[in-house]
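Have a look at model24.txt; it's compact mmCIF, C-alpha atoms:
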```
# COMPACT_ATOMS: atom_id res chain seq x y z
CA MET A 1 0.00 0.00 0.00
CA GLU A 2 1.24 3.46 -0.85
CA SER A 3 2.04 5.90 1.93
CA SER A 4 -0.94 8.09 2.82
CA HIS A 5 1.21 10.92 4.14
CA HIS A 6 0.71 13.05 1.05
CA THR A 7 -3.07 12.85 1.18
CA SER A 8 -3.52 13.37 4.91
CA SER A 9 -1.03 16.21 5.15
CA SER A 10 -2.16 18.15 2.09
CA ILE A 11 -5.90 18.34 2.64
CA HIS A 12 -8.11 18.65 5.71
CA SER A 13 -10.92 16.12 5.96
CA ASP A 14 -13.32 18.79 7.25
CA SER A 15 -13.11 20.57 3.90
CA LEU A 16 -14.40 17.41 2.21
CA ASN A 17 -17.49 16.90 4.37
CA LEU A 18 -20.54 16.08 2.25
CA ALA A 19 -23.27 18.69 2.53
CA LEU A 20 -26.90 17.72 3.01
CA LEU A 21 -28.71 20.09 0.67
CA SER A 22 -32.39 20.75 1.21
CA SER A 23 -35.08 20.14 -1.39
CA ALA A 24 -35.37 23.90 -1.87
CA GLU A 25 -31.62 24.31 -2.47
CA LEU A 26 -31.60 21.48 -5.00
CA ALA A 27 -34.70 22.89 -6.69
CA MET A 28 -32.98 26.27 -7.06
CA ARG A 29 -30.18 24.49 -8.92
CA GLY A 30 -32.67 22.67 -11.12
CA LEU A 31 -31.72 19.29 -9.66
CA VAL A 32 -35.09 18.06 -8.38
CA PRO A 33 -36.80 15.89 -11.05
CA ALA A 34 -40.45 16.59 -11.71
CA LEU A 35 -42.92 14.53 -9.69
CA PRO A 36 -46.02 13.03 -11.35
CA LYS A 37 -48.27 15.69 -9.80
CA LEU A 38 -47.47 19.31 -9.05
CA ASP A 39 -48.84 19.20 -5.50
CA TRP A 40 -46.70 16.23 -4.50
CA GLN A 41 -43.63 17.07 -2.45
CA VAL A 42 -40.23 15.47 -1.87
CA ILE A 43 -38.36 15.98 1.39
CA ILE A 44 -34.65 15.29 1.94
CA LYS A 45 -33.49 14.52 5.46
CA PRO A 46 -30.89 12.51 7.42
CA LEU A 47 -31.76 8.81 7.47
CA SER A 48 -31.88 9.00 11.27
CA GLU A 49 -34.96 11.22 10.88
CA LEU A 50 -36.85 8.87 8.55
CA THR A 51 -40.57 9.30 9.12
CA THR A 52 -42.28 6.83 11.43
CA GLU A 53 -44.94 6.46 8.75
CA VAL A 54 -42.74 3.74 7.23
CA ASP A 55 -43.84 1.55 10.14
CA CYS A 56 -47.26 1.40 8.50
CA LEU A 57 -46.02 0.46 5.02
CA ASP A 58 -46.83 -2.91 3.49
CA ASP A 59 -45.17 -6.07 4.76
CA ASP A 60 -43.03 -6.38 1.61
CA TYR A 61 -41.24 -3.13 2.51
CA HIS A 62 -40.20 -4.50 5.89
CA GLN A 63 -39.24 -7.87 4.43
CA VAL A 64 -36.94 -6.14 1.96
CA GLN A 65 -35.42 -4.02 4.72
CA ALA A 66 -34.67 -7.13 6.78
CA VAL A 67 -32.97 -8.87 3.86
CA ILE A 68 -30.88 -5.79 3.06
CA ALA A 69 -29.79 -5.47 6.70
CA ASP A 70 -28.59 -9.09 6.63
CA ASN A 71 -26.78 -8.75 3.29
CA GLN A 72 -25.08 -5.37 3.34
CA LEU A 73 -22.30 -5.21 0.77
CA ALA A 74 -18.88 -4.76 2.35
CA THR A 75 -16.52 -2.05 1.21
CA SER A 76 -12.77 -2.35 0.89
CA HIS A 77 -11.93 1.22 1.84
CA ASN A 78 -12.16 3.28 5.03
CA ARG A 79 -15.10 5.65 5.03
CA GLN A 80 -15.01 9.17 6.37
CA SER A 81 -17.50 9.66 9.20
CA ASP A 82 -20.04 12.28 8.22
CA GLN A 83 -23.49 12.96 9.69
CA ALA A 84 -24.81 13.84 6.24
CA SER A 85 -23.77 10.54 4.67
CA ASP A 86 -27.02 8.61 5.23
CA ILE A 87 -30.04 10.12 3.50
CA ALA A 88 -33.78 9.55 3.31
CA LEU A 89 -35.97 10.87 0.50
CA GLU A 90 -39.70 10.99 1.24
CA VAL A 91 -42.39 11.75 -1.31
CA TYR A 92 -45.69 13.04 0.07
CA ALA A 93 -49.02 12.94 -1.76
CA ASP A 94 -52.04 14.47 -0.07
CA GLY A 95 -50.05 14.77 3.14
CA LYS A 96 -49.11 11.09 3.35
CA VAL A 97 -45.97 9.20 2.38
CA ALA A 98 -46.27 7.77 -1.12
CA ALA A 99 -42.67 6.66 -1.61
CA VAL A 100 -39.39 6.39 0.26
CA ALA A 101 -35.79 6.07 -0.88
CA THR A 102 -32.82 5.60 1.41
CA PHE A 103 -29.18 5.64 0.42
CA SER A 104 -25.72 6.58 1.65
CA ARG A 105 -22.85 8.44 0.06
CA TYR A 106 -19.39 8.21 1.50
CA LEU A 107 -15.96 9.60 0.89
CA GLU A 108 -12.93 7.49 1.66
CA ASP A 109 -11.22 8.81 4.79
CA PRO A 110 -8.38 11.05 3.53
CA ARG A 111 -6.47 10.32 6.75
CA ASN A 112 -6.21 6.64 5.85
CA PRO A 113 -6.60 6.13 2.09
CA ARG A 114 -5.71 3.02 0.15
CA LYS A 115 -3.59 5.13 -2.22
CA SER A 116 -2.14 8.57 -1.65
CA SER A 117 -3.04 9.74 -5.15
CA GLU A 118 -6.77 9.01 -5.06
CA LEU A 119 -9.88 8.84 -2.89
CA PHE A 120 -13.06 6.85 -3.37
CA TYR A 121 -16.53 8.41 -3.44
CA GLU A 122 -19.25 5.80 -2.95
CA VAL A 123 -23.02 5.81 -3.35
CA THR A 124 -24.82 2.84 -1.79
CA LEU A 125 -28.52 2.35 -2.45
CA HIS A 126 -30.49 0.87 0.44
CA THR A 127 -34.03 0.90 -0.89
CA ILE A 128 -36.54 2.61 -3.14
CA TYR A 129 -40.10 1.78 -2.19
CA VAL A 130 -43.32 3.10 -3.73
CA LYS A 131 -46.73 2.33 -2.22
CA GLU A 132 -48.81 0.13 -4.49
CA ALA A 133 -51.44 2.84 -5.07
CA PHE A 134 -48.77 5.19 -6.45
CA ARG A 135 -46.88 2.78 -8.72
CA GLN A 136 -46.64 3.02 -12.51
CA GLN A 137 -46.49 6.82 -12.30
CA GLY A 138 -42.75 7.41 -12.52
CA LEU A 139 -42.06 7.96 -8.82
CA ALA A 140 -39.20 5.46 -8.65
CA ALA A 141 -37.57 7.06 -11.69
CA SER A 142 -37.92 10.50 -10.11
CA LEU A 143 -36.24 9.29 -6.91
CA CYS A 144 -33.45 7.70 -8.95
CA GLY A 145 -32.93 11.01 -10.71
CA LEU A 146 -32.73 12.87 -7.42
CA ILE A 147 -30.17 10.41 -6.01
CA ILE A 148 -28.03 10.87 -9.12
CA ASN A 149 -28.29 14.66 -8.94
CA ILE A 150 -27.20 14.66 -5.29
CA ALA A 151 -24.22 12.53 -6.32
CA ARG A 152 -23.56 14.94 -9.21
CA THR A 153 -23.35 17.88 -6.80
CA ASP A 154 -21.03 15.92 -4.51
CA CYS A 155 -18.74 14.82 -7.33
CA ASP A 156 -18.43 18.23 -8.93
CA GLY A 157 -17.30 19.78 -5.64
CA LEU A 158 -14.99 16.90 -4.67
CA PHE A 159 -13.29 16.75 -8.06
CA ARG A 160 -12.54 20.47 -7.86
CA LYS A 161 -11.21 20.35 -4.29
CA LEU A 162 -9.08 17.25 -4.79
CA ALA A 163 -7.64 18.47 -8.09
CA GLN A 164 -6.00 21.33 -6.17
CA HIS A 165 -3.95 18.68 -4.35
CA SER A 166 -3.29 16.44 -7.38
CA ILE A 167 -5.64 13.78 -5.97
CA GLN A 168 -8.02 11.91 -8.26
CA LEU A 169 -11.55 10.93 -7.29
CA LYS A 170 -12.66 7.36 -8.05
CA LEU A 171 -16.39 6.69 -8.14
CA TRP A 172 -18.13 3.62 -6.75
CA PHE A 173 -21.81 2.58 -6.83
CA SER A 174 -23.17 -0.40 -4.92
CA ALA A 175 -26.63 -1.86 -4.41
CA LEU A 176 -28.43 -5.04 -3.51
CA ALA A 177 -31.50 -6.04 -5.55
CA ILE A 178 -34.06 -8.17 -3.71
CA THR A 179 -36.84 -8.26 -6.31
CA GLN A 180 -37.07 -8.10 -10.10
CA GLY A 181 -38.36 -4.55 -9.79
CA GLY A 182 -35.42 -3.74 -7.56
CA GLU A 183 -33.06 -5.21 -10.13
CA ALA A 184 -34.49 -2.90 -12.79
CA ILE A 185 -34.04 0.10 -10.49
CA CYS A 186 -30.44 -0.90 -9.73
CA ASP A 187 -29.73 -1.20 -13.47
CA LEU A 188 -31.25 2.23 -14.08
CA LEU A 189 -29.21 3.79 -11.30
CA SER A 190 -25.99 2.09 -12.41
CA GLU A 191 -26.33 3.41 -15.95
CA ALA A 192 -27.27 6.87 -14.73
CA PHE A 193 -24.30 6.92 -12.33
CA VAL A 194 -21.88 6.18 -15.19
CA GLU A 195 -23.51 8.84 -17.39
CA MET A 196 -23.33 11.35 -14.54
CA ALA A 197 -19.60 10.68 -14.15
CA ASP A 198 -19.07 11.21 -17.88
CA ASP A 199 -20.93 14.53 -17.82
CA VAL A 200 -19.22 15.90 -14.70
CA ILE A 201 -15.72 14.99 -15.86
CA ASP A 202 -16.30 16.30 -19.40
CA ASP A 203 -17.52 19.64 -18.03
CA LEU A 204 -14.54 19.93 -15.65
CA ILE A 205 -12.04 19.11 -18.39
CA GLU A 206 -13.62 21.78 -20.60
CA GLU A 207 -13.11 24.25 -17.73
CA GLY A 208 -9.46 23.26 -17.48
CA VAL A 209 -9.75 21.45 -14.14
CA PRO A 210 -6.98 18.79 -14.05
CA VAL A 211 -9.07 15.62 -13.76
CA ARG A 212 -8.91 12.40 -15.72
CA TYR A 213 -11.63 9.93 -16.55
CA GLN A 214 -11.79 6.60 -14.78
CA GLU A 215 -14.66 4.20 -15.30
CA PRO A 216 -16.86 4.13 -12.16
CA MET A 217 -16.85 0.87 -10.24
CA ILE A 218 -20.30 -0.75 -10.17
CA PHE A 219 -21.14 -3.46 -7.63
CA VAL A 220 -24.74 -4.67 -7.86
CA ASP A 221 -25.71 -8.00 -6.32
CA CYS A 222 -29.06 -9.62 -7.05
CA LEU A 223 -31.01 -11.96 -4.78
CA ALA A 224 -34.18 -11.88 -6.90
```
Would you mind writing the file out in structure tokens?
Amino acid sequence: MESSHHTSSSIHSDSLNLALLSSAELAMRGLVPALPKLDWQVIIKPLSELTTEVDCLDDDYHQVQAVIADNQLATSHNRQSDQASDIALEVYADGKVAAVATFSRYLEDPRNPRKSSELFYEVTLHTIYVKEAFRQQGLAASLCGLIINIARTDCDGLFRKLAQHSIQLKLWFSALAITQGGEAICDLLSEAFVEMADDVIDDLIEEGVPVRYQEPMIFVDCLA
């Protein structure tokens, strides 16, 4: 393993903390995908504040959660501890939860990286669940789009900060599919994650930011 002295001494981990942007802030940047109906609302919050309404969701939601908890994919790098890493997205229709997505995004701990010349940024999908009455309306796709746009904001800022220290950012997406529908969502997110990386890196190179393209690492396991 390469020495991590260069990384830890040249950049402060606090400057790399991942921000938890509100729905309003993302909307101002044009990063909140349209919901099926104008009066529906999406809320972004820490996963620790996930609404208790999920306790009343169908049994299949809780069965999926139990399987995911027992089969979490391991990571091979040290993650930076950040309160904003674990996120819940809640979609409300007529004042009640219609859909929920939970995911995490992590940055490799710059104090203990695998390589001194690069850091990993990882997005891990936990679940996307839409109540049966609200399915077939594009809600899952909208939540996927929002997850990707949050990752886009993260990556743009991290690439810029790390480039100042000659450190490259490597991207990593992981998910566990429990059902056939979940497998389709994971495929959609994987493709969108790769496209997002292409777009962000192309834009930065055009601006003259010293970054180089590396294919994102995709780890999707299927139990369906």
Counting all atoms listed in the file, which residues have an atom no more than 9 Å from (-32.6, 6.8, 3.6) in the file's coordinates? Please list them as a PyMOL selection string. chain A and resi 44-50+86-90+100-104+125-128
Generate a file of the selected residues that holds C-alpha atoms, formatted as a PDB file, in the coordinates of the input.
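Output saved as part_26.pdb:
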```pdb
ATOM      1  CA  ILE A  44     -34.650  15.290   1.940  1.00  0.00           C
ATOM      2  CA  LYS A  45     -33.490  14.520   5.460  1.00  0.00           C
ATOM      3  CA  PRO A  46     -30.890  12.510   7.420  1.00  0.00           C
ATOM      4  CA  LEU A  47     -31.760   8.810   7.470  1.00  0.00           C
ATOM      5  CA  SER A  48     -31.880   9.000  11.270  1.00  0.00           C
ATOM      6  CA  GLU A  49     -34.960  11.220  10.880  1.00  0.00           C
ATOM      7  CA  LEU A  50     -36.850   8.870   8.550  1.00  0.00           C
ATOM      8  CA  ASP A  86     -27.020   8.610   5.230  1.00  0.00           C
ATOM      9  CA  ILE A  87     -30.040  10.120   3.500  1.00  0.00           C
ATOM     10  CA  ALA A  88     -33.780   9.550   3.310  1.00  0.00           C
ATOM     11  CA  LEU A  89     -35.970  10.870   0.500  1.00  0.00           C
ATOM     12  CA  GLU A  90     -39.700  10.990   1.240  1.00  0.00           C
ATOM     13  CA  VAL A 100     -39.390   6.390   0.260  1.00  0.00           C
ATOM     14  CA  ALA A 101     -35.790   6.070  -0.880  1.00  0.00           C
ATOM     15  CA  THR A 102     -32.820   5.600   1.410  1.00  0.00           C
ATOM     16  CA  PHE A 103     -29.180   5.640   0.420  1.00  0.00           C
ATOM     17  CA  SER A 104     -25.720   6.580   1.650  1.00  0.00           C
ATOM     18  CA  LEU A 125     -28.520   2.350  -2.450  1.00  0.00           C
ATOM     19  CA  HIS A 126     -30.490   0.870   0.440  1.00  0.00           C
ATOM     20  CA  THR A 127     -34.030   0.900  -0.890  1.00  0.00           C
ATOM     21  CA  ILE A 128     -36.540   2.610  -3.140  1.00  0.00           C
TER      22      ILE A 128
END
```
Counting all atoms listed in the file, which of A:Ala175, A:Gln41, A:Asn149, A:Ala84 gets nearest to A:Arg29?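 The answer is A:Asn149, which sits nearest to A:Arg29.
You can rank A:Cys222, A:Ala99, A:Leu171, A:Leu158 by their closest distance to A:Phe120 using all atoms listed in the file, and at the top of that list sits A:Leu171.
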Could you jot down the atom CA of A:Tyr121 to atom CA of A:Tyr213 separation for me, Å, one decimal place?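 Taking atom CA of A:Tyr121 as the start and atom CA of A:Tyr213 as the end point, the length is 14.1 Å.
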Between A:Ala192, A:Ile218, A:Leu31, A:Val97, which one has atoms that come closest to A:Cys144, using only C-alpha atoms?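 Among the listed residues, A:Ala192 lies closest to A:Cys144.
For A:Phe193, the residues within 9 Å (counting only C-alpha atoms, excluding itself and residues fewer than 2 positions away along the chain) are Ile148, Ala151, Arg152, Leu171, Trp172, Phe173, Leu188, Leu189, Ser190, Glu191, Glu195, Met196, Ala197, Asp198, Pro216 and Ile218 of chain A.
Proximity ranking of A:Ala141, A:Val220, A:Ala133, A:Val200 relative to A:Ser174 places A:Val220 first, based on only C-alpha atoms.
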